[in-house]
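**Student:** Below you'll find my_file31.cif; it's mmCIF, C-alpha atoms and all ligand atoms.
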data_run
#
loop_
_atom_site.label_atom_id
_atom_site.label_comp_id
_atom_site.auth_asym_id
_atom_site.auth_seq_id
_atom_site.Cartn_x
_atom_site.Cartn_y
_atom_site.Cartn_z
CA MET L 1 -24.34 -32.71 -3.34
CA SER L 2 -24.62 -35.40 -5.99
CA PRO L 3 -27.88 -37.38 -6.35
CA GLU L 4 -26.40 -40.11 -4.13
CA GLY L 5 -25.96 -37.56 -1.35
CA ARG L 6 -22.17 -37.57 -1.69
CA SER L 7 -20.05 -34.48 -2.14
CA ILE L 8 -19.65 -33.70 -5.85
CA PHE L 9 -15.89 -33.72 -5.20
CA ASP L 10 -15.83 -37.36 -4.09
CA PRO L 11 -13.32 -39.04 -6.48
CA LYS L 12 -15.36 -42.27 -6.44
CA LEU L 13 -18.09 -40.53 -8.43
CA TYR L 14 -15.64 -40.07 -11.32
CA ALA L 15 -14.05 -43.52 -11.52
CA ASN L 16 -15.80 -44.33 -14.81
CA VAL L 17 -14.77 -41.02 -16.38
CA LEU L 18 -11.11 -41.99 -16.04
CA ARG L 19 -11.38 -45.14 -18.16
CA PRO L 20 -10.16 -45.35 -21.79
CA PRO L 21 -12.59 -43.58 -24.16
CA LEU L 22 -14.51 -46.64 -25.35
CA GLN L 23 -14.97 -47.89 -21.79
CA ALA L 24 -15.58 -44.50 -20.18
CA GLU L 25 -18.70 -42.68 -19.11
CA SER L 26 -19.17 -38.96 -19.65
CA LEU L 27 -19.02 -36.41 -16.83
CA PRO L 28 -22.05 -36.00 -14.56
CA ALA L 29 -24.37 -33.10 -15.40
CA TRP L 30 -23.31 -31.06 -12.37
CA CYS L 31 -19.89 -30.56 -13.95
CA TYR L 32 -21.68 -28.27 -16.41
CA THR L 33 -24.16 -26.57 -14.10
CA SER L 34 -22.86 -26.36 -10.53
CA GLU L 35 -21.47 -23.08 -9.17
CA ALA L 36 -19.42 -25.08 -6.65
CA PHE L 37 -17.88 -27.23 -9.38
CA HIS L 38 -17.13 -24.13 -11.42
CA GLY L 39 -15.47 -22.54 -8.39
CA ARG L 40 -13.23 -25.59 -8.12
CA GLU L 41 -12.37 -25.25 -11.82
CA ILE L 42 -11.39 -21.61 -11.32
CA GLU L 43 -9.04 -22.49 -8.46
CA GLU L 44 -7.52 -25.67 -9.84
CA ILE L 45 -7.80 -25.30 -13.61
CA PHE L 46 -8.05 -21.72 -14.84
CA TYR L 47 -5.68 -20.12 -12.34
CA ARG L 48 -3.03 -22.85 -12.44
CA ASN L 49 -2.60 -23.50 -16.15
CA TRP L 50 -1.41 -21.61 -19.20
CA ILE L 51 -4.29 -19.65 -20.72
CA CYS L 52 -4.16 -18.17 -24.22
CA ILE L 53 -5.28 -14.53 -24.24
CA GLY L 54 -4.68 -13.63 -27.88
CA ARG L 55 -2.02 -12.85 -30.48
CA GLU L 56 1.03 -10.68 -29.99
CA ASP L 57 0.39 -8.73 -33.18
CA THR L 58 -2.62 -7.07 -31.53
CA LEU L 59 -0.11 -5.22 -29.28
CA PRO L 60 2.64 -4.13 -31.69
CA GLU L 61 4.11 -1.16 -29.75
CA ALA L 62 5.16 -0.44 -26.16
CA GLY L 63 2.12 0.82 -24.24
CA ASP L 64 -0.40 -1.06 -26.41
CA TYR L 65 -2.84 -2.65 -24.02
CA ARG L 66 -6.15 -4.43 -23.59
CA ALA L 67 -8.13 -4.48 -20.35
CA PHE L 68 -9.98 -7.74 -19.76
CA GLU L 69 -11.61 -9.88 -17.13
CA TYR L 70 -10.70 -13.48 -16.40
CA CYS L 71 -12.74 -15.53 -13.94
CA GLY L 72 -13.54 -12.48 -11.84
CA ARG L 73 -10.07 -10.90 -12.02
CA LYS L 74 -9.66 -7.53 -13.72
CA LEU L 75 -6.44 -7.56 -15.73
CA ILE L 76 -4.40 -5.63 -18.27
CA VAL L 77 -2.26 -7.17 -20.98
CA ILE L 78 0.28 -4.59 -22.16
CA ARG L 79 3.53 -4.49 -24.14
CA GLY L 80 6.46 -3.16 -22.14
CA GLN L 81 9.30 -0.83 -23.16
CA ASP L 82 11.51 -3.90 -23.41
CA GLY L 83 9.14 -5.46 -25.95
CA ARG L 84 7.89 -8.10 -23.54
CA ILE L 85 4.19 -8.69 -22.91
CA ASN L 86 3.03 -8.16 -19.32
CA VAL L 87 -0.19 -9.15 -17.59
CA LEU L 88 -0.95 -6.92 -14.60
CA ASP L 89 -3.71 -6.34 -12.09
CA ASN L 90 -6.00 -3.57 -13.33
CA VAL L 91 -6.74 -2.33 -9.80
CA CYS L 92 -5.01 0.75 -8.37
CA ARG L 93 -2.84 0.11 -5.31
CA HIS L 94 -3.92 3.45 -3.78
CA ARG L 95 -7.66 3.08 -3.24
CA GLY L 96 -8.69 0.40 -5.64
CA THR L 97 -9.95 2.19 -8.75
CA LEU L 98 -9.94 0.28 -12.03
CA LEU L 99 -7.10 1.70 -14.08
CA LEU L 100 -7.61 1.10 -17.80
CA THR L 101 -10.68 0.33 -19.86
CA GLY L 102 -11.07 -1.07 -23.37
CA ALA L 103 -7.95 -1.22 -25.52
CA GLY L 104 -5.50 1.30 -26.95
CA ARG L 105 -2.05 2.82 -26.41
CA VAL L 106 -0.94 4.70 -23.28
CA LYS L 107 2.23 6.51 -22.23
CA VAL L 108 1.77 5.46 -18.64
CA ILE L 109 -0.84 3.45 -16.74
CA LEU L 110 -2.47 6.40 -15.02
CA CYS L 111 -5.16 6.04 -12.39
CA PRO L 112 -7.96 8.51 -13.18
CA PHE L 113 -8.77 9.09 -9.50
CA HIS L 114 -5.59 10.63 -7.99
CA HIS L 115 -3.10 10.12 -10.81
CA TRP L 116 -0.87 7.42 -9.45
CA GLY L 117 1.10 6.34 -12.50
CA TYR L 118 2.47 2.87 -13.20
CA GLY L 119 5.00 1.68 -15.79
CA PHE L 120 4.14 -1.01 -18.32
CA ASP L 121 5.88 -3.48 -16.02
CA GLY L 122 3.55 -2.50 -13.17
CA VAL L 123 6.15 -0.51 -11.20
CA LEU L 124 4.68 2.54 -9.44
CA ARG L 125 6.47 5.54 -10.99
CA GLY L 126 4.51 8.51 -9.71
CA ALA L 127 2.31 9.09 -6.65
CA PRO L 128 1.64 12.83 -6.24
CA THR L 129 2.07 14.44 -2.79
CA MET L 130 2.80 11.17 -1.03
CA GLU L 131 6.17 12.43 0.28
CA GLN L 132 4.86 13.11 3.80
CA THR L 133 3.15 9.76 4.14
CA GLU L 134 5.21 7.96 6.76
CA GLY L 135 7.13 4.93 5.62
CA PHE L 136 5.57 5.01 2.16
CA ASP L 137 7.86 3.28 -0.32
CA LYS L 138 6.75 3.38 -3.95
CA ARG L 139 8.57 0.12 -4.61
CA GLU L 140 6.05 -1.69 -2.43
CA TYR L 141 3.03 -0.45 -4.36
CA GLY L 142 3.50 -1.76 -7.87
CA LEU L 143 0.78 -3.63 -9.71
CA LYS L 144 0.88 -7.38 -9.35
CA ALA L 145 2.44 -8.94 -12.46
CA TYR L 146 1.55 -12.48 -13.54
CA GLU L 147 3.48 -15.15 -15.42
CA VAL L 148 3.44 -14.60 -19.19
CA GLU L 149 5.00 -16.59 -22.01
CA THR L 150 4.64 -16.27 -25.74
CA TRP L 151 4.75 -19.04 -28.31
CA ASN L 152 4.44 -18.78 -32.09
CA GLY L 153 2.82 -15.35 -31.74
CA PHE L 154 0.29 -16.42 -29.08
CA ILE L 155 0.22 -14.87 -25.58
CA PHE L 156 -0.28 -17.15 -22.57
CA MET L 157 -0.69 -16.20 -18.92
CA ARG L 158 -0.77 -18.22 -15.71
CA LEU L 159 -2.35 -16.53 -12.71
CA VAL L 160 -0.96 -18.82 -9.99
CA PRO L 161 2.77 -19.34 -10.49
CA GLY L 162 4.43 -22.74 -10.42
CA GLY L 163 4.31 -25.89 -12.48
CA PRO L 164 5.86 -26.56 -15.86
CA GLY L 165 6.84 -23.77 -18.22
CA LEU L 166 4.88 -23.37 -21.43
CA ALA L 167 7.30 -25.29 -23.68
CA GLU L 168 7.46 -28.21 -21.27
CA ALA L 169 3.67 -28.36 -20.93
CA MET L 170 3.24 -28.27 -24.70
CA GLY L 171 5.59 -31.18 -25.34
CA ASP L 172 5.25 -32.34 -28.96
CA MET L 173 2.81 -29.63 -29.97
CA ASP L 174 5.50 -27.30 -31.27
CA ARG L 175 6.83 -29.97 -33.62
CA LEU L 176 3.37 -30.94 -34.90
CA VAL L 177 2.45 -27.40 -35.96
CA ALA L 178 5.89 -26.37 -37.28
CA PRO L 179 4.81 -26.85 -40.95
CA TYR L 180 2.19 -24.09 -40.62
CA ASN L 181 4.71 -21.33 -39.83
CA LEU L 182 2.47 -19.86 -37.12
CA PRO L 183 4.80 -16.94 -36.24
CA ASP L 184 4.10 -15.58 -39.73
CA MET L 185 0.32 -15.60 -39.21
CA ALA L 186 -1.47 -12.25 -38.99
CA LEU L 187 -4.76 -11.79 -37.21
CA ALA L 188 -7.32 -10.89 -39.88
CA ARG L 189 -10.47 -10.72 -37.78
CA SER L 190 -11.75 -11.39 -34.25
CA LYS L 191 -15.34 -12.06 -33.29
CA THR L 192 -16.48 -11.92 -29.67
CA PHE L 193 -19.68 -13.63 -28.61
CA THR L 194 -21.26 -15.28 -25.60
CA VAL L 195 -22.65 -18.80 -25.67
CA ALA L 196 -25.17 -20.08 -23.13
CA CYS L 197 -23.21 -23.24 -22.43
CA ASN L 198 -20.44 -24.50 -20.20
CA TRP L 199 -16.90 -23.77 -21.46
CA LYS L 200 -16.08 -27.49 -21.73
CA LEU L 201 -18.94 -28.12 -24.13
CA PHE L 202 -17.68 -25.39 -26.44
CA ILE L 203 -14.30 -27.11 -26.67
CA ASP L 204 -15.74 -30.64 -26.85
CA VAL L 205 -17.67 -29.88 -30.01
CA PHE L 206 -14.58 -28.37 -31.63
CA MET L 207 -12.60 -31.54 -31.00
CA GLU L 208 -15.07 -34.24 -32.09
CA ASP L 209 -16.11 -35.51 -35.52
CA TYR L 210 -19.26 -37.31 -34.40
CA HIS L 211 -21.45 -34.20 -34.77
CA VAL L 212 -20.08 -33.03 -38.11
CA LYS L 213 -22.49 -34.91 -40.38
CA PRO L 214 -25.68 -34.25 -38.37
CA VAL L 215 -24.92 -30.62 -37.43
CA HIS L 216 -22.91 -29.32 -40.41
CA LYS L 217 -24.62 -31.43 -43.08
CA SER L 218 -25.13 -28.71 -45.68
CA SER L 219 -22.22 -26.41 -44.74
CA ILE L 220 -18.87 -28.12 -44.17
CA ALA L 221 -19.51 -31.84 -43.59
CA GLY L 222 -18.77 -32.61 -47.26
CA THR L 223 -15.19 -31.34 -46.89
CA TYR L 224 -14.14 -33.78 -44.21
CA THR L 225 -13.26 -37.45 -44.35
CA ALA L 226 -12.75 -39.80 -41.41
CA PRO L 227 -10.16 -38.52 -38.93
CA GLU L 228 -6.85 -40.37 -38.66
CA PRO L 229 -6.31 -42.62 -35.64
CA LEU L 230 -4.92 -40.69 -32.65
CA GLU L 231 -1.16 -40.17 -32.77
CA ARG L 232 1.07 -40.99 -29.83
CA ILE L 233 2.07 -37.65 -28.35
CA ASN L 234 3.72 -36.20 -25.28
CA GLY L 235 2.36 -33.01 -23.81
CA ASP L 236 -0.67 -31.53 -22.12
CA PHE L 237 -2.75 -31.46 -25.29
CA ALA L 238 -4.86 -33.52 -27.67
CA THR L 239 -4.86 -33.43 -31.46
CA ILE L 240 -6.88 -34.85 -34.33
CA PHE L 241 -5.76 -34.85 -37.95
CA ASN L 242 -8.48 -34.94 -40.57
CA PRO L 243 -7.24 -35.63 -44.11
CA HIS L 244 -9.20 -33.95 -46.91
CA GLN L 245 -8.98 -32.02 -50.16
CA GLY L 246 -8.98 -28.21 -50.20
CA THR L 247 -9.36 -25.95 -47.16
CA SER L 248 -11.69 -26.61 -44.24
CA ALA L 249 -12.05 -22.85 -43.74
CA LEU L 250 -14.45 -22.46 -46.66
CA LEU L 251 -17.90 -23.93 -47.18
CA THR L 252 -17.69 -27.21 -49.09
CA GLY L 253 -19.37 -25.63 -52.12
CA GLU L 254 -17.03 -22.61 -52.24
CA GLN L 255 -13.60 -24.24 -52.45
CA TYR L 256 -12.88 -22.38 -55.70
CA LEU L 257 -12.52 -19.18 -53.62
CA ALA L 258 -9.49 -20.50 -51.69
CA PHE L 259 -6.36 -18.45 -51.06
CA PRO L 260 -3.01 -20.05 -51.97
CA PRO L 261 -1.74 -22.59 -49.44
CA ILE L 262 0.72 -21.66 -46.69
CA LEU L 263 4.17 -21.32 -48.26
CA GLY L 264 6.28 -24.44 -48.01
CA LEU L 265 3.48 -26.67 -46.76
CA THR L 266 4.22 -30.26 -47.77
CA GLY L 267 3.28 -33.84 -46.94
CA LYS L 268 0.40 -34.58 -44.62
CA ALA L 269 -0.05 -30.95 -43.53
CA ALA L 270 -0.76 -29.97 -47.16
CA ALA L 271 -3.79 -32.24 -47.33
CA GLY L 272 -6.07 -31.80 -44.36
CA THR L 273 -6.75 -30.00 -41.09
CA ARG L 274 -5.06 -30.44 -37.73
CA TYR L 275 -7.23 -29.71 -34.71
CA LEU L 276 -5.38 -29.06 -31.46
CA PHE L 277 -6.42 -28.50 -27.89
CA PHE L 278 -3.83 -27.50 -25.28
CA TYR L 279 -5.53 -28.01 -21.93
CA PRO L 280 -7.50 -26.37 -20.50
CA THR L 281 -8.80 -23.79 -23.02
CA PHE L 282 -6.52 -23.21 -26.02
CA ALA L 283 -8.31 -24.77 -29.01
CA TYR L 284 -7.19 -24.10 -32.58
CA ALA L 285 -7.15 -25.53 -36.06
CA CYS L 286 -4.51 -25.34 -38.78
CA THR L 287 -5.55 -26.02 -42.34
CA VAL L 288 -3.79 -25.57 -45.67
CA ASP L 289 -4.25 -21.80 -45.99
CA CYS L 290 -4.99 -20.41 -42.51
CA MET L 291 -5.39 -20.98 -38.79
CA TRP L 292 -8.21 -20.13 -36.41
CA PHE L 293 -8.23 -20.22 -32.63
CA PHE L 294 -10.39 -19.46 -29.64
CA GLU L 295 -9.84 -17.48 -26.49
CA ILE L 296 -12.19 -18.82 -23.83
CA TYR L 297 -13.39 -16.64 -20.94
CA PRO L 298 -15.73 -18.67 -18.70
CA GLU L 299 -18.41 -16.50 -17.10
CA GLY L 300 -19.94 -19.09 -14.78
CA PRO L 301 -20.98 -22.70 -15.26
CA SER L 302 -23.49 -22.03 -18.01
CA ARG L 303 -22.06 -19.03 -19.84
CA THR L 304 -18.90 -18.70 -21.90
CA LYS L 305 -17.46 -15.67 -23.61
CA VAL L 306 -15.57 -16.68 -26.72
CA VAL L 307 -13.20 -14.72 -28.92
CA MET L 308 -12.82 -16.40 -32.28
CA ASN L 309 -9.71 -15.32 -34.18
CA MET L 310 -9.01 -15.89 -37.87
CA CYS L 311 -5.37 -15.76 -38.97
CA PHE L 312 -3.66 -16.00 -42.37
CA PRO L 313 -0.07 -15.81 -43.59
CA ARG L 314 1.10 -12.20 -43.85
CA SER L 315 1.46 -12.52 -47.62
CA THR L 316 -2.20 -13.56 -47.88
CA VAL L 317 -3.44 -10.66 -45.74
CA ALA L 318 -1.33 -8.27 -47.86
CA ARG L 319 -3.11 -9.29 -51.09
CA ALA L 320 -5.16 -6.58 -52.79
CA ASP L 321 -8.13 -8.96 -52.99
CA PHE L 322 -7.87 -10.12 -49.37
CA GLU L 323 -10.92 -8.33 -47.96
CA GLN L 324 -13.06 -9.35 -50.90
CA LYS L 325 -12.14 -13.04 -50.78
CA PHE L 326 -12.05 -13.14 -46.98
CA LYS L 327 -15.84 -12.68 -46.95
CA ALA L 328 -16.28 -16.30 -48.01
CA TYR L 329 -14.12 -17.47 -45.09
CA GLU L 330 -16.02 -15.24 -42.69
CA THR L 331 -19.28 -16.74 -43.92
CA ARG L 332 -18.03 -20.29 -43.43
CA TRP L 333 -16.97 -19.54 -39.86
CA ALA L 334 -20.21 -17.71 -39.06
CA VAL L 335 -22.45 -20.43 -40.50
CA SER L 336 -20.71 -23.39 -38.89
CA MET L 337 -20.31 -21.56 -35.57
CA GLN L 338 -24.02 -20.79 -35.43
CA GLU L 339 -24.76 -24.46 -36.17
CA ASP L 340 -22.53 -25.45 -33.24
CA VAL L 341 -23.89 -22.78 -30.90
CA ASP L 342 -27.51 -23.81 -31.55
CA VAL L 343 -26.81 -27.40 -30.60
CA LEU L 344 -24.55 -26.46 -27.66
CA GLU L 345 -27.26 -24.33 -26.08
CA ARG L 346 -29.68 -27.24 -26.44
CA GLN L 347 -27.11 -29.54 -24.83
CA GLN L 348 -26.67 -27.12 -21.91
CA ALA L 349 -30.47 -26.96 -21.53
CA GLY L 350 -30.48 -30.76 -21.21
CA PHE L 351 -27.84 -30.64 -18.49
CA GLU L 352 -29.85 -28.00 -16.62
CA THR L 353 -32.63 -30.57 -16.06
CA ASP L 354 -32.17 -33.17 -13.33
CA GLN L 355 -32.76 -35.92 -15.86
CA PHE L 356 -29.31 -36.57 -17.37
CA THR L 357 -27.18 -39.47 -16.20
CA PRO L 358 -23.70 -40.03 -17.72
CA GLY L 359 -23.59 -41.40 -21.27
CA ARG L 360 -21.04 -43.34 -23.37
CA TYR L 361 -18.75 -42.31 -26.24
CA SER L 362 -18.52 -43.31 -29.90
CA PRO L 363 -15.10 -43.92 -31.54
CA LEU L 364 -15.43 -40.46 -33.14
CA GLU L 365 -15.12 -38.50 -29.90
CA PRO L 366 -12.06 -39.77 -28.00
CA VAL L 367 -10.88 -36.26 -27.15
CA VAL L 368 -14.12 -35.51 -25.28
CA SER L 369 -13.34 -38.46 -23.05
CA MET L 370 -9.64 -37.60 -22.72
CA PHE L 371 -10.49 -34.02 -21.77
CA ALA L 372 -13.02 -35.18 -19.16
CA SER L 373 -10.36 -37.46 -17.76
CA TRP L 374 -7.81 -34.61 -17.67
CA LEU L 375 -10.36 -32.43 -15.92
CA VAL L 376 -11.04 -35.00 -13.21
CA ARG L 377 -7.31 -35.53 -12.67
CA HIS L 378 -6.83 -31.78 -12.19
CA ALA L 379 -10.05 -30.59 -10.53
CA ILE L 380 -11.11 -33.58 -8.41
CA VAL L 381 -7.85 -35.33 -7.63
CA THR L 382 -5.82 -32.13 -7.71
CA PRO L 383 -2.06 -32.11 -8.31
CA GLN L 384 -1.77 -30.70 -4.77
CA GLU L 385 -3.61 -33.72 -3.40
CA ARG L 386 -1.64 -36.14 -5.56
CA ALA L 387 1.62 -34.67 -4.22
CA ARG L 388 0.55 -35.32 -0.62
S1 LIG L 401 -7.36 5.24 -6.41
FE1 LIG L 401 -5.83 5.29 -7.90
S2 LIG L 401 -4.71 7.05 -7.48
FE2 LIG L 401 -6.20 7.00 -5.94
FE FE L 402 -18.94 -28.13 -35.22
#
Would you mind writing the structure in this file as structure tokens?
Ligand code: FES
Ligand SMILES: [Fe+2]
**Tutor:**
Amino acid sequence: MSPEGRSIFDPKLYANVLRPPLQAESLPAWCYTSEAFHGREIEEIFYRNWICIGREDTLPEAGDYRAFEYCGRKLIVIRGQDGRINVLDNVCRHRGTLLLTGAGRVKVILCPFHHWGYGFDGVLRGAPTMEQTEGFDKREYGLKAYEVETWNGFIFMRLVPGGPGLAEAMGDMDRLVAPYNLPDMALARSKTFTVACNWKLFIDVFMEDYHVKPVHKSSIAGTYTAPEPLERINGDFATIFNPHQGTSALLTGEQYLAFPPILGLTGKAAAGTRYLFFYPTFAYACTVDCMWFFEIYPEGPSRTKVVMNMCFPRSTVARADFEQKFKAYETRWAVSMQEDVDVLERQQAGFETDQFTPGRYSPLEPVVSMFASWLVRHAIVTPQERAR
């Protein structure tokens, strides 16, 4: 229940969140702390939208897989014999054993318990000594396969089918990032860590400039200038373009260590950083020489597992001096991420009190407001309810 004694799902409680950014209020604290609210997010947001689960080049061959957990579901992402990426349940259809662990390459998805074997498309291929089991039809005991689409080398899944395809949901995003030649990007490094904050806060801080001077004062704030006014776009995403010299992927004082820019980059894209956020969890940044993105795995209202991925053009990764020079990029990401994480965990701690009432936004954080508004339109007034 909210402080007023109403259900936290009463749309009236969110009327001020839906206003334009400079008139809006922020979300109530329970949106960041309540198990019930988080449960609603799982049902209406995480299961019903396209979720980025990494880059295709991490699974180059048929049978390459990674086992992972998403909002309580145990899943496998695996490349099939036909080259397509599949996302399957990681739970055996015989008596429920978890099938694969970790990551690697397999010839078949083999259950360790009684050796039922599944193809990379989830079809049950072998089930020893089941011939006498009456009415048993292997075709009925495949692993559940979920919707998967790929885009520019990224893998997206949607756990509840239905709704717009990936391209339709993205709208103008494809056009806006075309200059960066994302299909040519190679994953150079991934870092996995857990932050003691709500998943929305992790994305908010990535998409707002208001905190950059106070939080990143001596690391990266000197690189950035004022962000451009928001562009008119179509699609289920938000974007900010920040014009500046050099690359935003190095510390301000280490710009001399930069790799060459992305081949063919011209115009606006050659002088700044584009931040993008495809709702609900795919946040990434493209700058003049590289791209970095997050996979977000919420682990409850106040805990978020994050995979941070750093990608460069293939020609950059192939350089003999790549590993040596990459260290400076790694340092920049580590330093600025720690600065963000420290403040995010303090923000979460504030929400965990019963003392916070909704605040207001500055002109430097419109995406925080737009995201909150999107969230309310999808989690409180759900598309199912709107359709009624
Ligand atoms: S539980 Fe998987 S084969 Fe028996
Ligand atoms: Fe930051």
**Student:** Please identify all polymer residues within 12 Å of stretch 121-128 of chain L, counting all atoms listed in the file, omitting same-chain residues fewer than 3 positions from it, and present them as a VMD selection string.
**Tutor:** chain L and resid 62 to 63 65 75 to 94 99 108 to 111 113 to 118 131 to 133 136 to 148
**Student:** Report the distance between atom CA of L:Pro261 and atom CA of L:Gly171 in Å, rounded to one decimal place.
**Tutor:**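 Rounded to one decimal, the two atoms are 26.6 Å apart.
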**Student:** Which residues of chain L sit at most 7 Å from ligand FE 402 (chain L), using all atoms listed in the file? Give each one's shortest atom pair and distance in Å (one decimal place), in chain and ascending residue order, as JSON lines.
**Tutor:**
{"residue": "L:Val205", "atom": "CA", "partner": "L:FE402", "partner_atom": "FE", "distance": 5.6}
{"residue": "L:Phe206", "atom": "CA", "partner": "L:FE402", "partner_atom": "FE", "distance": 5.7}
{"residue": "L:His211", "atom": "CA", "partner": "L:FE402", "partner_atom": "FE", "distance": 6.6}
{"residue": "L:Val212", "atom": "CA", "partner": "L:FE402", "partner_atom": "FE", "distance": 5.8}
{"residue": "L:Val215", "atom": "CA", "partner": "L:FE402", "partner_atom": "FE", "distance": 6.8}
{"residue": "L:His216", "atom": "CA", "partner": "L:FE402", "partner_atom": "FE", "distance": 6.6}
{"residue": "L:Ser336", "atom": "CA", "partner": "L:FE402", "partner_atom": "FE", "distance": 6.3}
{"residue": "L:Met337", "atom": "CA", "partner": "L:FE402", "partner_atom": "FE", "distance": 6.7}
{"residue": "L:Glu339", "atom": "CA", "partner": "L:FE402", "partner_atom": "FE", "distance": 6.9}
{"residue": "L:Asp340", "atom": "CA", "partner": "L:FE402", "partner_atom": "FE", "distance": 4.9}
**Student:** Name all residues at most 12 Å from L:Trp30 (count all atoms listed in the file; drop same-chain ones fewer than 2 positions away) and give them as JSON, numbers by chain.
**Tutor:** {"L": [1, 2, 3, 7, 8, 9, 13, 14, 26, 27, 28, 32, 33, 34, 35, 36, 37, 38, 198, 301, 302, 348, 350, 351, 352, 353, 354, 355, 356, 357, 358]}
**Student:** Just want the 10 Å neighbourhood of L:Val376, counted on only C-alpha atoms, with same-chain residues fewer than 4 positions away dropped. Output as a list of chain:residue names.
**Tutor:**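 The filter keeps L:Phe9, L:Pro11, L:Tyr14, L:Ala15, L:Val17, L:Leu18, L:Leu27, L:Cys31, L:Glu41, L:Met370, L:Phe371, L:Ala372, L:Ile380, L:Val381, L:Thr382.
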**Student:** Ranking L:Arg95, L:Arg314, L:Lys268, L:Arg48 by minimum distance to ligand LIG 401 (chain L) and counting all atoms listed in the file, which one comes first?
**Tutor:** L:Arg95
**Student:** One decimal, in Å: what's the spacing between atom CA of L:Tyr284 and atom CA of L:Ala24?
**Tutor:**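 Computing it gives 25.3 Å between the two atoms.
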**Student:** L:Leu182: which residues within 8 Å, counting all atoms listed in the file, same-chain residues fewer than 4 positions away excluded, as a list in words?
**Tutor:**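 Using all atoms listed in the file, the neighbours found are Asn152, Gly153, Val177 and Ala178 of chain L.
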**Student:** What does the distance from atom CA of L:Trp50 to atom CA of L:Leu201 come to in Å, to one decimal?
**Tutor:**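 Interatomic distance, atom CA of L:Trp50 to atom CA of L:Leu201: 19.3 Å.
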**Student:** Taking all atoms listed in the file into account, which of L:Gly96, L:Val317, L:Thr101, L:Tyr256 comes nearest L:Arg66?
**Tutor:**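 Between L:Gly96, L:Val317, L:Thr101, L:Tyr256, the residue approaching L:Arg66 most closely is L:Thr101.
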**Student:** Do you know which residues are at most 6 Å from L:Thr273 counting all atoms listed in the file, after dropping those on the same chain fewer than 2 positions away, and could you put them as a PyMOL selection string?
**Tutor:** chain L and resi 241-242+286-287
**Student:** Return the single residue from L:Phe202, L:Trp374, L:Phe293, L:Trp151 that is closest to L:Leu187, with distances computed using all atoms listed in the file.
**Tutor:**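 Smallest distance to L:Leu187 is found for L:Phe293.
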**Student:** Counting all atoms listed in the file, which residue out of L:Gly264, L:Pro363, L:Pro21, L:Gly162 sits closest to L:Glu228?
**Tutor:** L:Pro363
**Student:** Calculated over all atoms listed in the file, which of the candidates L:Gly119, L:Pro112, L:Gly54, L:Gly104 has the smallest distance to ligand LIG 401 (chain L)?
**Tutor:**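 Ranking L:Gly119, L:Pro112, L:Gly54, L:Gly104 by distance to ligand LIG 401 (chain L), first place goes to L:Pro112.
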**Student:** Which one of L:Asn181, L:Ile155, L:Ala379, L:Gln338 sits closest to L:Leu265 if you count all atoms listed in the file?
**Tutor:**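 With all atoms listed in the file as the atom set, the closest residue is L:Asn181.
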**Student:** What residues have an atom no more than 7 Å from (-2.1, -27.5, -28.9) in the file's own frame, counting only C-alpha atoms, and can you write them as a list in words?
**Tutor:** Met170, Met173, Phe237, Ala238, Leu276, Phe277, Phe278, Phe282 and Ala283 of chain L
